[in-house]
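Trainee: To be precise about what I am sending: the file is called work11.csv and holds CSV, C-alpha atoms.
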```csv
chain,number,residue,atom,x,y,z
J,1,MET,CA,-27.3,24.0,2.7
J,2,ASP,CA,-29.8,21.8,4.6
J,3,LYS,CA,-29.3,18.1,4.8
J,4,LEU,CA,-32.1,17.3,2.5
J,5,SER,CA,-30.7,19.4,-0.4
J,6,PHE,CA,-27.3,18.1,0.2
J,7,ILE,CA,-28.3,14.4,0.0
J,8,ALA,CA,-30.4,15.2,-3.1
J,9,MET,CA,-27.3,16.7,-4.6
J,10,LEU,CA,-25.1,13.7,-3.7
J,11,LEU,CA,-27.9,11.6,-5.3
J,12,ASP,CA,-27.6,13.7,-8.5
J,13,PHE,CA,-23.8,13.3,-8.6
J,14,TYR,CA,-23.3,9.7,-7.4
J,15,GLY,CA,-26.7,8.1,-7.8
J,16,ASN,CA,-25.7,6.0,-10.7
J,17,LEU,CA,-23.3,4.1,-8.3
J,18,LEU,CA,-26.2,2.8,-6.3
J,19,THR,CA,-28.2,-0.3,-7.2
J,20,GLU,CA,-31.4,0.3,-9.1
J,21,LYS,CA,-33.5,-0.4,-6.1
J,22,GLN,CA,-31.5,1.9,-3.8
J,23,ARG,CA,-31.7,4.7,-6.5
J,24,THR,CA,-35.4,4.3,-7.0
J,25,ILE,CA,-36.2,4.5,-3.2
J,26,MET,CA,-33.8,7.4,-2.7
J,27,SER,CA,-35.4,9.3,-5.6
J,28,TYR,CA,-38.9,8.7,-4.3
J,29,HIS,CA,-37.8,10.0,-0.9
J,30,TYR,CA,-35.5,12.8,-1.7
J,31,GLU,CA,-36.7,14.0,-5.1
J,32,GLU,CA,-40.4,13.2,-5.0
J,33,ASP,CA,-40.7,13.8,-1.3
J,34,MET,CA,-42.6,10.6,-0.6
J,35,SER,CA,-42.9,9.3,3.0
J,36,LEU,CA,-41.5,5.9,4.1
J,37,SER,CA,-45.1,4.5,4.3
J,38,GLU,CA,-45.9,5.6,0.8
J,39,ILE,CA,-42.7,4.1,-0.6
J,40,SER,CA,-43.4,0.9,1.5
J,41,GLU,CA,-46.8,0.5,0.0
J,42,LEU,CA,-45.7,1.3,-3.6
J,43,MET,CA,-42.7,-1.0,-3.5
J,44,ASN,CA,-44.4,-3.7,-1.5
J,45,ILE,CA,-41.7,-3.9,1.2
J,46,SER,CA,-41.8,-3.1,4.9
J,47,ARG,CA,-41.5,0.4,6.2
J,48,GLN,CA,-38.4,-0.8,8.1
J,49,ALA,CA,-36.8,-2.1,4.9
J,50,VAL,CA,-37.4,1.3,3.2
J,51,HIS,CA,-35.8,3.0,6.2
J,52,ASP,CA,-32.8,0.7,6.1
J,53,ILE,CA,-32.2,1.1,2.4
J,54,ILE,CA,-32.4,4.9,2.7
J,55,LYS,CA,-29.9,4.9,5.6
J,56,ARG,CA,-27.5,2.5,3.8
J,57,SER,CA,-27.8,4.5,0.5
J,58,GLU,CA,-27.1,7.8,2.4
J,59,LYS,CA,-24.0,6.2,3.8
J,60,ILE,CA,-22.8,5.0,0.4
J,61,LEU,CA,-23.3,8.5,-1.1
J,62,LEU,CA,-21.6,10.2,1.8
J,63,ASP,CA,-18.7,7.8,1.5
J,64,TYR,CA,-18.2,8.6,-2.1
J,65,GLU,CA,-18.3,12.3,-1.4
J,66,LYS,CA,-15.7,11.7,1.4
J,67,GLU,CA,-13.4,10.1,-1.1
J,68,LEU,CA,-14.0,12.3,-4.1
J,69,GLY,CA,-15.2,15.7,-2.7
J,70,LEU,CA,-16.7,16.6,-6.1
J,71,VAL,CA,-20.0,18.0,-4.7
J,72,ASP,CA,-17.9,20.2,-2.4
J,73,LYS,CA,-15.7,21.3,-5.4
J,74,PHE,CA,-18.8,22.0,-7.5
J,75,LEU,CA,-20.5,24.1,-4.7
J,76,LYS,CA,-17.4,26.2,-4.2
J,77,GLN,CA,-17.2,26.8,-8.0
J,78,ARG,CA,-20.8,27.8,-8.1
J,79,GLN,CA,-20.3,30.2,-5.1
J,80,LYS,CA,-17.6,31.9,-7.0
J,81,LEU,CA,-19.8,32.2,-10.1
J,82,ILE,CA,-22.5,33.8,-8.0
J,83,GLU,CA,-19.9,36.3,-6.7
J,84,ILE,CA,-18.8,37.2,-10.2
J,85,LYS,CA,-22.4,37.6,-11.3
J,86,ASN,CA,-23.3,39.9,-8.4
J,87,MET,CA,-20.2,42.0,-9.0
J,88,LEU,CA,-21.2,42.4,-12.7
J,89,ILE,CA,-24.9,43.2,-11.8
J,90,LYS,CA,-23.9,45.7,-9.1
J,91,LYS,CA,-21.0,47.0,-11.1
J,92,GLN,CA,-18.8,46.4,-8.1
J,93,TYR,CA,-15.4,46.0,-9.8
J,94,LYS,CA,-12.5,48.2,-10.6
J,95,ASP,CA,-12.3,47.1,-14.2
J,96,LEU,CA,-13.1,44.1,-16.3
J,97,ASP,CA,-9.6,42.7,-15.9
J,98,GLU,CA,-10.6,42.0,-12.3
J,99,ILE,CA,-13.5,39.9,-13.5
J,100,ILE,CA,-11.4,38.2,-16.2
J,101,LYS,CA,-8.8,37.2,-13.5
J,102,MET,CA,-11.5,35.7,-11.3
J,103,ILE,CA,-12.9,33.6,-14.3
J,104,ASP,CA,-9.3,32.6,-15.1
J,105,GLU,CA,-8.9,31.2,-11.5
J,106,LEU,CA,-12.0,29.1,-12.0
J,107,ILE,CA,-10.7,27.8,-15.3
J,108,GLU,CA,-7.4,26.8,-13.7
J,109,ALA,CA,-8.9,25.3,-10.6
Q,1,MET,CA,-8.0,16.3,-25.6
Q,2,ASP,CA,-5.5,13.4,-26.0
Q,3,LYS,CA,-5.9,10.1,-24.3
Q,4,LEU,CA,-3.1,10.8,-21.9
Q,5,SER,CA,-4.5,14.0,-20.6
Q,6,PHE,CA,-8.0,12.5,-20.4
Q,7,ILE,CA,-6.8,9.5,-18.3
Q,8,ALA,CA,-4.8,11.9,-16.1
Q,9,MET,CA,-8.0,13.9,-15.5
Q,10,LEU,CA,-10.0,10.8,-14.7
Q,11,LEU,CA,-7.3,9.9,-12.2
Q,12,ASP,CA,-7.6,13.3,-10.6
Q,13,PHE,CA,-11.4,13.0,-10.3
Q,14,TYR,CA,-11.8,9.3,-9.4
Q,15,GLY,CA,-8.3,8.2,-8.3
Q,16,ASN,CA,-9.4,7.9,-4.7
Q,17,LEU,CA,-11.6,5.0,-5.7
Q,18,LEU,CA,-8.7,2.9,-6.8
Q,19,THR,CA,-6.6,0.8,-4.4
Q,20,GLU,CA,-3.5,2.4,-3.1
Q,21,LYS,CA,-1.3,0.2,-5.3
Q,22,GLN,CA,-3.3,1.0,-8.4
Q,23,ARG,CA,-3.3,4.7,-7.6
Q,24,THR,CA,0.5,4.8,-7.0
Q,25,ILE,CA,1.2,3.0,-10.3
Q,26,MET,CA,-1.2,5.2,-12.3
Q,27,SER,CA,0.3,8.3,-10.8
Q,28,TYR,CA,3.9,7.2,-11.7
Q,29,HIS,CA,2.8,6.4,-15.2
Q,30,TYR,CA,0.4,9.3,-16.0
Q,31,GLU,CA,1.5,12.1,-13.7
Q,32,GLU,CA,5.3,11.4,-13.4
Q,33,ASP,CA,5.6,10.0,-16.9
Q,34,MET,CA,7.5,6.9,-15.8
Q,35,SER,CA,7.9,3.9,-18.2
Q,36,LEU,CA,6.6,0.5,-17.3
Q,37,SER,CA,10.2,-0.7,-16.8
Q,38,GLU,CA,11.0,2.1,-14.4
Q,39,ILE,CA,7.8,1.4,-12.4
Q,40,SER,CA,8.6,-2.4,-12.5
Q,41,GLU,CA,12.0,-1.8,-11.0
Q,42,LEU,CA,10.8,0.7,-8.4
Q,43,MET,CA,7.9,-1.4,-7.2
Q,44,ASN,CA,9.7,-4.7,-7.6
Q,45,ILE,CA,7.0,-6.3,-9.7
Q,46,SER,CA,7.1,-7.6,-13.2
Q,47,ARG,CA,6.7,-5.3,-16.2
Q,48,GLN,CA,3.7,-7.4,-17.2
Q,49,ALA,CA,2.1,-6.9,-13.8
Q,50,VAL,CA,2.6,-3.1,-14.1
Q,51,HIS,CA,1.0,-3.2,-17.6
Q,52,ASP,CA,-2.0,-5.3,-16.3
Q,53,ILE,CA,-2.6,-3.0,-13.3
Q,54,ILE,CA,-2.5,0.1,-15.6
Q,55,LYS,CA,-5.0,-1.5,-18.0
Q,56,ARG,CA,-7.3,-2.6,-15.2
Q,57,SER,CA,-7.1,0.8,-13.5
Q,58,GLU,CA,-7.9,2.6,-16.7
Q,59,LYS,CA,-10.9,0.4,-17.2
Q,60,ILE,CA,-12.1,1.2,-13.6
Q,61,LEU,CA,-11.7,4.9,-14.1
Q,62,LEU,CA,-13.4,4.8,-17.5
Q,63,ASP,CA,-16.3,2.8,-16.0
Q,64,TYR,CA,-16.8,5.5,-13.3
Q,65,GLU,CA,-16.8,8.2,-15.9
Q,66,LYS,CA,-19.4,6.2,-18.0
Q,67,GLU,CA,-21.6,6.0,-14.9
Q,68,LEU,CA,-21.1,9.5,-13.5
Q,69,GLY,CA,-20.0,11.7,-16.5
Q,70,LEU,CA,-18.5,14.3,-14.1
Q,71,VAL,CA,-15.3,14.9,-16.1
Q,72,ASP,CA,-17.4,15.5,-19.2
Q,73,LYS,CA,-19.6,17.9,-17.3
Q,74,PHE,CA,-16.6,19.6,-15.8
Q,75,LEU,CA,-14.9,20.0,-19.3
Q,76,LYS,CA,-18.0,21.5,-20.8
Q,77,GLN,CA,-18.3,23.9,-17.9
Q,78,ARG,CA,-14.7,24.9,-18.4
Q,79,GLN,CA,-15.2,25.4,-22.1
Q,80,LYS,CA,-18.0,27.8,-21.4
Q,81,LEU,CA,-15.8,29.7,-18.9
Q,82,ILE,CA,-13.1,30.0,-21.6
Q,83,GLU,CA,-15.7,31.4,-24.0
Q,84,ILE,CA,-16.9,34.0,-21.5
Q,85,LYS,CA,-13.3,35.0,-20.8
Q,86,ASN,CA,-12.5,35.4,-24.5
Q,87,MET,CA,-15.6,37.5,-25.0
Q,88,LEU,CA,-14.6,39.8,-22.2
Q,89,ILE,CA,-11.0,40.0,-23.4
Q,90,LYS,CA,-11.9,40.8,-27.0
Q,91,LYS,CA,-14.9,42.9,-25.9
Q,92,GLN,CA,-17.1,40.7,-28.1
Q,93,TYR,CA,-20.4,41.2,-26.4
Q,94,LYS,CA,-23.4,43.4,-26.9
Q,95,ASP,CA,-23.6,44.4,-23.3
Q,96,LEU,CA,-22.7,42.9,-19.9
Q,97,ASP,CA,-26.3,41.5,-19.5
Q,98,GLU,CA,-25.2,39.0,-22.2
Q,99,ILE,CA,-22.3,37.9,-20.1
Q,100,ILE,CA,-24.4,37.8,-16.9
Q,101,LYS,CA,-26.9,35.6,-18.7
Q,102,MET,CA,-24.1,33.1,-19.7
Q,103,ILE,CA,-22.8,33.0,-16.1
Q,104,ASP,CA,-26.3,32.4,-14.9
Q,105,GLU,CA,-26.7,29.4,-17.2
Q,106,LEU,CA,-23.5,28.0,-15.7
Q,107,ILE,CA,-24.8,28.5,-12.1
Q,108,GLU,CA,-28.1,26.8,-13.0
Q,109,ALA,CA,-26.5,23.9,-14.8
```
Using the file provided, produce a representation of the structure as structure tokens.
Mentor:
Amino acid sequence: MDKLSFIAMLLDFYGNLLTEKQRTIMSYHYEEDMSLSEISELMNISRQAVHDIIKRSEKILLDYEKELGLVDKFLKQRQKLIEIKNMLIKKQYKDLDEIIKMIDELIEA
Amino acid sequence: MDKLSFIAMLLDFYGNLLTEKQRTIMSYHYEEDMSLSEISELMNISRQAVHDIIKRSEKILLDYEKELGLVDKFLKQRQKLIEIKNMLIKKQYKDLDEIIKMIDELIEA
């Protein structure tokens, strides 16, 4: 996963822990793909300030992930679901018990 | 889900955002099922202090869940997995495409 998608995902998980201003600027940048200059103009703050707020917000989000690891957990769970889906589509399983066991492991995790 | 299991789950998700002392006391109480008096004796602080730290920690954990809703999201995802598992066990599905579609919805969520 590239850095941009990863930060966007952190924003989705932990964004509510940012201040409203931080969240707005991060959303403009990571979700609406706006440049620093565009955000600077729209928010009426300097380009440098936009840059600093983005860097500070990224650090906050990364720190939360370091403590909680919930995005990592979620991505691993999704990876397993994709595996199960592909096994079902390609009929690559011995019997359904094998699939049921994999789903059970996800439930227990 | 009863309150005790719910708080234990919040502790599992967000516990790392508590201070070490808060986390320790919450873990004694919610994971190791120790009474306030037992914790009070072990930690050498008053029973009232143990009570206050638990109430304060519960509030912190509940506030994080209110902002992030990740435990709720996780529980709903698990409920869907249990549904899929039961459908597979009881063979209550039209065809495997129905199951694949349900797994796909979980992947996209």
Trainee: List as an mmCIF file with C-alpha atoms, in the coordinates of the input the protein and nucleic acid residues near Ile7 (chain J), meaning an atom at most 12 Å away when only C-alpha atoms are counted, but skip any in the same chain fewer than 2 places from it.
Mentor:
```cif
data_model
loop_
_atom_site.group_PDB
_atom_site.id
_atom_site.type_symbol
_atom_site.label_atom_id
_atom_site.label_comp_id
_atom_site.auth_asym_id
_atom_site.auth_seq_id
_atom_site.Cartn_x
_atom_site.Cartn_y
_atom_site.Cartn_z
ATOM 1 C CA MET J 1 -27.300 24.000 2.700
ATOM 2 C CA ASP J 2 -29.800 21.800 4.600
ATOM 3 C CA LYS J 3 -29.300 18.100 4.800
ATOM 4 C CA LEU J 4 -32.100 17.300 2.500
ATOM 5 C CA SER J 5 -30.700 19.400 -0.400
ATOM 6 C CA MET J 9 -27.300 16.700 -4.600
ATOM 7 C CA LEU J 10 -25.100 13.700 -3.700
ATOM 8 C CA LEU J 11 -27.900 11.600 -5.300
ATOM 9 C CA ASP J 12 -27.600 13.700 -8.500
ATOM 10 C CA PHE J 13 -23.800 13.300 -8.600
ATOM 11 C CA TYR J 14 -23.300 9.700 -7.400
ATOM 12 C CA GLY J 15 -26.700 8.100 -7.800
ATOM 13 C CA MET J 26 -33.800 7.400 -2.700
ATOM 14 C CA SER J 27 -35.400 9.300 -5.600
ATOM 15 C CA HIS J 29 -37.800 10.000 -0.900
ATOM 16 C CA TYR J 30 -35.500 12.800 -1.700
ATOM 17 C CA GLU J 31 -36.700 14.000 -5.100
ATOM 18 C CA ILE J 54 -32.400 4.900 2.700
ATOM 19 C CA LYS J 55 -29.900 4.900 5.600
ATOM 20 C CA SER J 57 -27.800 4.500 0.500
ATOM 21 C CA GLU J 58 -27.100 7.800 2.400
ATOM 22 C CA LYS J 59 -24.000 6.200 3.800
ATOM 23 C CA ILE J 60 -22.800 5.000 0.400
ATOM 24 C CA LEU J 61 -23.300 8.500 -1.100
ATOM 25 C CA LEU J 62 -21.600 10.200 1.800
ATOM 26 C CA ASP J 63 -18.700 7.800 1.500
ATOM 27 C CA TYR J 64 -18.200 8.600 -2.100
ATOM 28 C CA GLU J 65 -18.300 12.300 -1.400
ATOM 29 C CA VAL J 71 -20.000 18.000 -4.700
#
```
Trainee: Taking all atoms listed in the file into account, find every residue of chain J that has an atom no more than 10 Å from chain Q, and write it out as a CSV table (one decimal) with C-alpha atoms, keeping the file's coordinate frame.
Mentor:
```
chain,number,residue,atom,x,y,z
J,12,ASP,CA,-27.6,13.7,-8.5
J,13,PHE,CA,-23.8,13.3,-8.6
J,14,TYR,CA,-23.3,9.7,-7.4
J,15,GLY,CA,-26.7,8.1,-7.8
J,16,ASN,CA,-25.7,6.0,-10.7
J,17,LEU,CA,-23.3,4.1,-8.3
J,64,TYR,CA,-18.2,8.6,-2.1
J,66,LYS,CA,-15.7,11.7,1.4
J,67,GLU,CA,-13.4,10.1,-1.1
J,68,LEU,CA,-14.0,12.3,-4.1
J,69,GLY,CA,-15.2,15.7,-2.7
J,70,LEU,CA,-16.7,16.6,-6.1
J,74,PHE,CA,-18.8,22.0,-7.5
J,75,LEU,CA,-20.5,24.1,-4.7
J,77,GLN,CA,-17.2,26.8,-8.0
J,78,ARG,CA,-20.8,27.8,-8.1
J,79,GLN,CA,-20.3,30.2,-5.1
J,80,LYS,CA,-17.6,31.9,-7.0
J,81,LEU,CA,-19.8,32.2,-10.1
J,82,ILE,CA,-22.5,33.8,-8.0
J,84,ILE,CA,-18.8,37.2,-10.2
J,85,LYS,CA,-22.4,37.6,-11.3
J,86,ASN,CA,-23.3,39.9,-8.4
J,87,MET,CA,-20.2,42.0,-9.0
J,88,LEU,CA,-21.2,42.4,-12.7
J,89,ILE,CA,-24.9,43.2,-11.8
J,91,LYS,CA,-21.0,47.0,-11.1
J,96,LEU,CA,-13.1,44.1,-16.3
J,97,ASP,CA,-9.6,42.7,-15.9
J,99,ILE,CA,-13.5,39.9,-13.5
J,100,ILE,CA,-11.4,38.2,-16.2
J,101,LYS,CA,-8.8,37.2,-13.5
J,102,MET,CA,-11.5,35.7,-11.3
J,103,ILE,CA,-12.9,33.6,-14.3
J,104,ASP,CA,-9.3,32.6,-15.1
J,106,LEU,CA,-12.0,29.1,-12.0
J,107,ILE,CA,-10.7,27.8,-15.3
J,108,GLU,CA,-7.4,26.8,-13.7
J,109,ALA,CA,-8.9,25.3,-10.6
```
Trainee: For CA of Asp72 (chain J) and CA of Thr19 (chain J), quote the distance in Å rounded to one decimal.
Mentor: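 Between CA of Asp72 (chain J) and CA of Thr19 (chain J) the gap works out to 23.4 Å.
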Trainee: Could you check how far CA of Ser46 (chain Q) sits from CA of Leu18 (chain Q), in Å to one decimal?
Mentor: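 Separation of CA of Ser46 (chain Q) and CA of Leu18 (chain Q): 20.0 Å.
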Trainee: Have a look at CA of Arg23 (chain J) and CA of Ile53 (chain J) and let me know their distance in Å, one decimal.
Mentor: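 These two atoms are separated by 9.6 Å.
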Trainee: Any idea what's packed within 10 Å of region 32-35 of chain Q, counting all atoms listed in the file, ignoring anything in its chain fewer than 5 positions away? Could you give it as a PyMOL selection string?
Mentor: chain Q and resi 25-27+40+47+50-51
